[in-house]
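A.B. asks: For reference, the structure I am asking about is given below.
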Amino acid sequence: MSSLTVSQQQVDASATPAKVIQPAWVRALHWTNAVAMVLMIMSGWQIYNASPLFSFLRFPASITLGGWLGGALLWHFAAMWLLMVNGLIYLALGFATGRFRKKLLPITPAGVIADTRAALTGKLSHQDLSKYNYVQKLLYAGIIVVGILIVLSGLSIWKPVQLQYLTALFGGYDAARYVHFICMALIVAFMVVHVALALLVPKSLRAMIIGR
Ligand code: HEM
């Protein structure tokens, strides 16, 4: 069975009482985060255009937010609160409920290699959707770390004087800007794959995941 096709057994399973894989709080925080991230990315691109890090890269006006540098900074700092408050609640609940430990750990190199190989050869099992495979675990844990890094690097370029020790940890203001930009690129790459895979999941499986 290809990793993206569904067996009859899985489709039938959706007819039995649903096993909720994503609790309501995860879904609420996830979608709030998605909105905040899109606002941060689009306003970030406008900020970038005012002083590009790479001579070959400018973002088209149609995919930026804010209209000009000042407007983009206002959007960036407004959405920042949504992102940070939402992110802190997510981290607190993730640890307090044991969800991170249960869903994301352990991550072993052997497991990641085996599941990558299985995915590439179409042999990855999708029988138990309540368990992430090792590639998912690695990517989900990794993107949480990237999320923390983009917030910390953002804070260090926002307040480089007040938070000088944090800025120094990144290797100074200029290095923190590059870290901030690279984290954005990783988040965008993650989102492209994440959304593409979510769109490929058949409706019957989606109903199982959210318990409807
Ligand atoms: C607490 C969170 C954040 C803070 C405090 C923050 C702060 C900042 C600041 C101060 C700048 C301007 C840098 C400059 O003047 O050169 C900036 C730029 C930028 N931000 Fe954020 N940011 C945060 C989160 C994010 C997130 C989540 C994203 C995208 C996923 C993002 C994407 C960008 C981009 C693409 C730029 C332009 C890069 C550059 O030219 O330096 N930021 N951010």
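Naming works like this for the structure tokens: A, B, ... for the chains as they're shown, residue 1 at the start of each chain, ligands 1 onward in shown order.
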Output the neighbourhood of ligand 1 as a PDB file with C-alpha atoms, in the first residue's frame, that is, all protein and nucleic acid residues with some atom at most 6 Å from the ligand, counting only C-alpha atoms and all ligand atoms.
C.D. replies:
```pdb
ATOM      1  CA  MET A  37       2.158  32.738  11.605  1.00  0.00           C
ATOM      2  CA  MET A  40       4.050  37.292  10.899  1.00  0.00           C
ATOM      3  CA  ILE A  41       5.390  35.827   7.650  1.00  0.00           C
ATOM      4  CA  GLY A  44       8.090  39.935   7.890  1.00  0.00           C
ATOM      5  CA  TRP A  45       8.506  39.800   4.126  1.00  0.00           C
ATOM      6  CA  ILE A  47      10.055  44.360   6.578  1.00  0.00           C
ATOM      7  CA  TYR A  48      12.684  42.327   4.722  1.00  0.00           C
ATOM      8  CA  PRO A  52      17.069  42.879   2.042  1.00  0.00           C
ATOM      9  CA  MET A  80       3.622  38.857  17.883  1.00  0.00           C
ATOM     10  CA  MET A  84       3.620  34.440  21.898  1.00  0.00           C
ATOM     11  CA  ILE A 150      12.292  32.564  15.814  1.00  0.00           C
ATOM     12  CA  VAL A 151      10.641  34.179  18.841  1.00  0.00           C
ATOM     13  CA  GLY A 154      12.904  38.204  17.000  1.00  0.00           C
ATOM     14  CA  LEU A 155      13.070  39.503  20.572  1.00  0.00           C
ATOM     15  CA  ILE A 157      16.541  42.110  17.099  1.00  0.00           C
ATOM     16  CA  TRP A 158      13.575  44.009  18.519  1.00  0.00           C
ATOM     17  CA  ARG A 177      18.727  38.672  11.792  1.00  0.00           C
ATOM     18  CA  PHE A 181      15.234  34.766   8.475  1.00  0.00           C
ATOM     19  CA  MET A 184      11.144  31.820   8.743  1.00  0.00           C
ATOM     20  CA  ILE A 187       8.662  27.405   8.906  1.00  0.00           C
TER      21      ILE A 187
END
```
A.B. asks: Write out as a Markdown table a residue-level contact list of range 99-136 of chain A versus range 85-91 of chain A with cut-off 12 Å: for each qualifying residue the closest pair of atoms and the distance in Å to one decimal, counting only C-alpha atoms, rows sorted by chain and residue number upward.
C.D. replies:
```
| residue | atom | partner | partner_atom | distance |
| --- | --- | --- | --- | --- |
| A:Arg99 | CA | A:Leu91 | CA | 9.9 |
| A:Phe100 | CA | A:Leu91 | CA | 8.7 |
| A:Arg101 | CA | A:Leu91 | CA | 11.8 |
```
A.B. asks: What lies within 10 Å of Ala79 in chain A using only C-alpha atoms, ignoring chain neighbours under 3 positions off, as JSON, numbers by chain?
C.D. replies: {"A": [33, 35, 36, 37, 38, 39, 40, 43, 73, 74, 75, 76, 82, 83, 84]}
A.B. asks: Which of these residues is nearest to Ile107 in chain A, using only C-alpha atoms: A:Thr121, A:Gln46, A:Gln136, A:Ser55?
C.D. replies: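 The closest residue to Ile107 in chain A is A:Gln136.
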A.B. asks: For each of A:Thr116, A:Ser153, A:Gln127, A:Asn133, take the minimum atom-to-atom distance to Ala176 in chain A, counting only C-alpha atoms, then give the residue where this is smallest.
C.D. replies: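 Ranking A:Thr116, A:Ser153, A:Gln127, A:Asn133 by distance to Ala176 in chain A, first place goes to A:Ser153.
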A.B. asks: So which residues touch Pro106 in chain A within 12 Å, counting only C-alpha atoms, skipping near sequence neighbours fewer than 3 positions away, as an mmCIF file with N, CA, C and O atoms, in the first residue's frame?
C.D. replies:
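Wrote selection11.cif, looks like this:
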```
data_model
loop_
_atom_site.group_PDB
_atom_site.id
_atom_site.type_symbol
_atom_site.label_atom_id
_atom_site.label_comp_id
_atom_site.auth_asym_id
_atom_site.auth_seq_id
_atom_site.Cartn_x
_atom_site.Cartn_y
_atom_site.Cartn_z
ATOM 1 N N PHE A 100 3.463 16.156 24.908
ATOM 2 C CA PHE A 100 4.750 16.160 24.209
ATOM 3 C C PHE A 100 5.484 14.833 24.437
ATOM 4 O O PHE A 100 6.029 14.253 23.516
ATOM 5 N N ARG A 101 5.495 14.396 25.712
ATOM 6 C CA ARG A 101 6.220 13.165 26.041
ATOM 7 C C ARG A 101 5.593 11.978 25.334
ATOM 8 O O ARG A 101 6.262 11.158 24.715
ATOM 9 N N LYS A 102 4.245 11.921 25.381
ATOM 10 C CA LYS A 102 3.538 10.763 24.809
ATOM 11 C C LYS A 102 3.599 10.737 23.289
ATOM 12 O O LYS A 102 3.777 9.691 22.681
ATOM 13 N N LYS A 103 3.424 11.922 22.665
ATOM 14 C CA LYS A 103 3.304 11.961 21.204
ATOM 15 C C LYS A 103 4.642 12.107 20.489
ATOM 16 O O LYS A 103 4.805 11.625 19.380
ATOM 17 N N PRO A 109 17.486 7.776 16.131
ATOM 18 C CA PRO A 109 18.015 7.835 14.755
ATOM 19 C C PRO A 109 17.603 6.591 13.952
ATOM 20 O O PRO A 109 17.202 6.712 12.789
ATOM 21 N N ALA A 110 17.645 5.420 14.601
ATOM 22 C CA ALA A 110 17.283 4.189 13.879
ATOM 23 C C ALA A 110 15.820 4.239 13.434
ATOM 24 O O ALA A 110 15.477 3.838 12.306
ATOM 25 N N GLY A 111 14.946 4.751 14.317
ATOM 26 C CA GLY A 111 13.523 4.858 13.989
ATOM 27 C C GLY A 111 13.293 5.819 12.839
ATOM 28 O O GLY A 111 12.512 5.550 11.924
ATOM 29 N N VAL A 112 14.015 6.953 12.870
ATOM 30 C CA VAL A 112 13.848 7.962 11.807
ATOM 31 C C VAL A 112 14.309 7.384 10.464
ATOM 32 O O VAL A 112 13.622 7.515 9.439
ATOM 33 N N LYS A 131 -0.778 7.464 16.667
ATOM 34 C CA LYS A 131 0.677 7.456 16.938
ATOM 35 C C LYS A 131 1.418 8.090 15.776
ATOM 36 O O LYS A 131 1.205 7.721 14.627
ATOM 37 N N TYR A 132 2.289 9.056 16.073
ATOM 38 C CA TYR A 132 3.097 9.650 15.013
ATOM 39 C C TYR A 132 4.233 8.697 14.668
ATOM 40 O O TYR A 132 4.783 8.025 15.555
ATOM 41 N N ASN A 133 4.595 8.651 13.383
ATOM 42 C CA ASN A 133 5.785 7.878 13.032
ATOM 43 C C ASN A 133 7.029 8.720 13.383
ATOM 44 O O ASN A 133 6.912 9.893 13.740
ATOM 45 N N TYR A 134 8.212 8.125 13.244
ATOM 46 C CA TYR A 134 9.428 8.814 13.702
ATOM 47 C C TYR A 134 9.738 10.067 12.884
ATOM 48 O O TYR A 134 10.292 11.031 13.403
ATOM 49 N N VAL A 135 9.375 10.057 11.599
ATOM 50 C CA VAL A 135 9.632 11.248 10.772
ATOM 51 C C VAL A 135 8.722 12.381 11.247
ATOM 52 O O VAL A 135 9.158 13.531 11.396
ATOM 53 N N GLN A 136 7.456 12.043 11.527
ATOM 54 C CA GLN A 136 6.539 13.062 12.054
ATOM 55 C C GLN A 136 7.049 13.601 13.386
ATOM 56 O O GLN A 136 7.051 14.811 13.624
ATOM 57 N N LYS A 137 7.448 12.672 14.276
ATOM 58 C CA LYS A 137 7.932 13.099 15.599
ATOM 59 C C LYS A 137 9.087 14.079 15.450
ATOM 60 O O LYS A 137 9.116 15.121 16.098
ATOM 61 N N LEU A 138 10.041 13.724 14.578
ATOM 62 C CA LEU A 138 11.215 14.570 14.396
ATOM 63 C C LEU A 138 10.814 15.938 13.844
ATOM 64 O O LEU A 138 11.268 16.981 14.326
ATOM 65 N N ALA A 141 8.675 17.934 16.539
ATOM 66 C CA ALA A 141 9.527 18.424 17.632
ATOM 67 C C ALA A 141 10.458 19.507 17.083
ATOM 68 O O ALA A 141 10.678 20.542 17.731
#
```
A.B. asks: Please list as a ChimeraX atom specification every residue within 10 Å of Tyr173 in chain A, counting only C-alpha atoms and excluding residues in the same chain fewer than 3 positions away.
C.D. replies: /A:153,156-161,164,166-170,176-179
A.B. asks: Deliver the residues from the most recent selection as a file, using all heavy atoms, as a compact mmCIF listing (two decimals), in the first residue's frame.
C.D. replies:
```
# COMPACT_ATOMS: atom_id res chain seq x y z
N SER A 153 15.03 34.98 18.56
CA SER A 153 15.84 35.84 17.67
C SER A 153 15.07 37.12 17.35
O SER A 153 15.66 38.20 17.23
CB SER A 153 16.23 35.10 16.39
OG SER A 153 15.08 34.65 15.69
N SER A 156 15.48 39.42 20.17
CA SER A 156 16.84 39.97 20.26
C SER A 156 17.10 41.03 19.20
O SER A 156 17.97 41.87 19.40
CB SER A 156 17.88 38.85 20.23
OG SER A 156 18.02 38.38 18.94
N ILE A 157 16.35 41.00 18.05
CA ILE A 157 16.54 42.11 17.10
C ILE A 157 15.56 43.26 17.36
O ILE A 157 15.74 44.37 16.90
CB ILE A 157 16.47 41.65 15.61
CG1 ILE A 157 15.22 40.84 15.31
CG2 ILE A 157 17.71 40.90 15.21
CD1 ILE A 157 15.12 40.34 13.87
N TRP A 158 14.53 42.95 18.15
CA TRP A 158 13.58 44.01 18.52
C TRP A 158 14.16 44.88 19.63
O TRP A 158 14.08 46.11 19.60
CB TRP A 158 12.26 43.35 18.98
CG TRP A 158 11.18 44.32 19.37
CD1 TRP A 158 10.94 45.56 18.85
CD2 TRP A 158 10.17 44.10 20.37
NE1 TRP A 158 9.85 46.13 19.45
CE2 TRP A 158 9.35 45.26 20.39
CE3 TRP A 158 9.86 43.04 21.23
CZ2 TRP A 158 8.26 45.39 21.24
CZ3 TRP A 158 8.77 43.17 22.08
CH2 TRP A 158 7.98 44.33 22.08
N LYS A 159 14.74 44.23 20.65
CA LYS A 159 15.29 44.96 21.81
C LYS A 159 16.77 44.58 22.02
O LYS A 159 17.12 43.96 23.03
CB LYS A 159 14.50 44.58 23.09
CG LYS A 159 13.01 44.91 23.04
CD LYS A 159 12.75 46.36 23.30
CE LYS A 159 11.26 46.68 23.27
NZ LYS A 159 11.00 48.10 23.09
N PRO A 160 17.63 44.92 21.06
CA PRO A 160 19.04 44.47 21.16
C PRO A 160 19.81 45.13 22.30
O PRO A 160 20.86 44.61 22.69
CB PRO A 160 19.63 44.86 19.81
CG PRO A 160 18.73 45.90 19.26
CD PRO A 160 17.37 45.70 19.85
N VAL A 161 19.28 46.27 22.82
CA VAL A 161 19.98 46.91 23.94
C VAL A 161 19.52 46.29 25.26
O VAL A 161 20.31 45.78 26.05
CB VAL A 161 19.73 48.43 23.93
CG1 VAL A 161 20.38 49.09 25.16
CG2 VAL A 161 20.27 49.04 22.64
N GLN A 164 20.53 42.53 25.51
CA GLN A 164 21.84 42.38 24.86
C GLN A 164 22.47 40.99 25.07
O GLN A 164 23.20 40.51 24.20
CB GLN A 164 22.80 43.47 25.32
CG GLN A 164 22.94 43.58 26.82
CD GLN A 164 23.75 44.81 27.20
OE1 GLN A 164 24.96 44.79 27.10
NE2 GLN A 164 23.08 45.88 27.61
N LEU A 166 20.86 38.16 25.26
CA LEU A 166 20.19 37.26 24.32
C LEU A 166 20.73 37.49 22.90
O LEU A 166 21.09 36.54 22.18
CB LEU A 166 18.67 37.52 24.35
CG LEU A 166 17.80 36.65 23.45
CD1 LEU A 166 17.91 35.18 23.84
CD2 LEU A 166 16.33 37.09 23.52
N THR A 167 20.87 38.78 22.53
CA THR A 167 21.40 39.11 21.19
C THR A 167 22.82 38.55 21.06
O THR A 167 23.18 37.99 20.01
CB THR A 167 21.39 40.64 20.97
OG1 THR A 167 20.11 41.14 21.36
CG2 THR A 167 21.65 40.99 19.52
N ALA A 168 23.62 38.67 22.13
CA ALA A 168 25.00 38.16 22.09
C ALA A 168 25.01 36.65 21.90
O ALA A 168 25.89 36.10 21.22
CB ALA A 168 25.73 38.56 23.36
N LEU A 169 24.01 35.96 22.50
CA LEU A 169 23.95 34.49 22.36
C LEU A 169 23.81 34.07 20.90
O LEU A 169 24.27 33.02 20.49
CB LEU A 169 22.74 33.96 23.13
CG LEU A 169 22.93 33.54 24.57
CD1 LEU A 169 21.61 32.98 25.12
CD2 LEU A 169 24.03 32.49 24.69
N PHE A 170 23.14 34.92 20.12
CA PHE A 170 22.97 34.62 18.69
C PHE A 170 24.19 35.05 17.88
O PHE A 170 24.23 34.87 16.67
CB PHE A 170 21.72 35.32 18.13
CG PHE A 170 20.44 34.63 18.52
CD1 PHE A 170 19.59 35.17 19.48
CD2 PHE A 170 20.07 33.43 17.93
CE1 PHE A 170 18.42 34.53 19.84
CE2 PHE A 170 18.90 32.78 18.29
CZ PHE A 170 18.07 33.33 19.25
N ALA A 176 21.70 37.46 14.46
CA ALA A 176 20.34 37.16 14.91
C ALA A 176 19.33 37.39 13.78
O ALA A 176 18.35 36.66 13.65
CB ALA A 176 19.98 38.03 16.12
N ARG A 177 19.62 38.42 12.94
CA ARG A 177 18.73 38.67 11.79
C ARG A 177 18.75 37.49 10.84
O ARG A 177 17.70 37.07 10.33
CB ARG A 177 19.24 39.91 11.04
CG ARG A 177 18.27 41.05 11.03
CD ARG A 177 18.67 42.12 10.03
NE ARG A 177 17.80 42.07 8.84
CZ ARG A 177 17.94 42.87 7.79
NH1 ARG A 177 18.89 43.76 7.77
NH2 ARG A 177 17.11 42.76 6.77
N TYR A 178 19.95 36.94 10.60
CA TYR A 178 20.02 35.77 9.71
C TYR A 178 19.30 34.57 10.33
O TYR A 178 18.60 33.83 9.65
CB TYR A 178 21.48 35.42 9.39
CG TYR A 178 22.07 36.29 8.29
CD1 TYR A 178 22.89 37.36 8.60
CD2 TYR A 178 21.76 36.04 6.95
CE1 TYR A 178 23.41 38.18 7.60
CE2 TYR A 178 22.28 36.86 5.94
CZ TYR A 178 23.10 37.93 6.28
OH TYR A 178 23.59 38.73 5.27
N VAL A 179 19.50 34.38 11.64
CA VAL A 179 18.82 33.25 12.32
C VAL A 179 17.30 33.41 12.15
O VAL A 179 16.59 32.47 11.82
CB VAL A 179 19.19 33.20 13.82
CG1 VAL A 179 18.33 32.18 14.56
CG2 VAL A 179 20.66 32.89 14.00
```
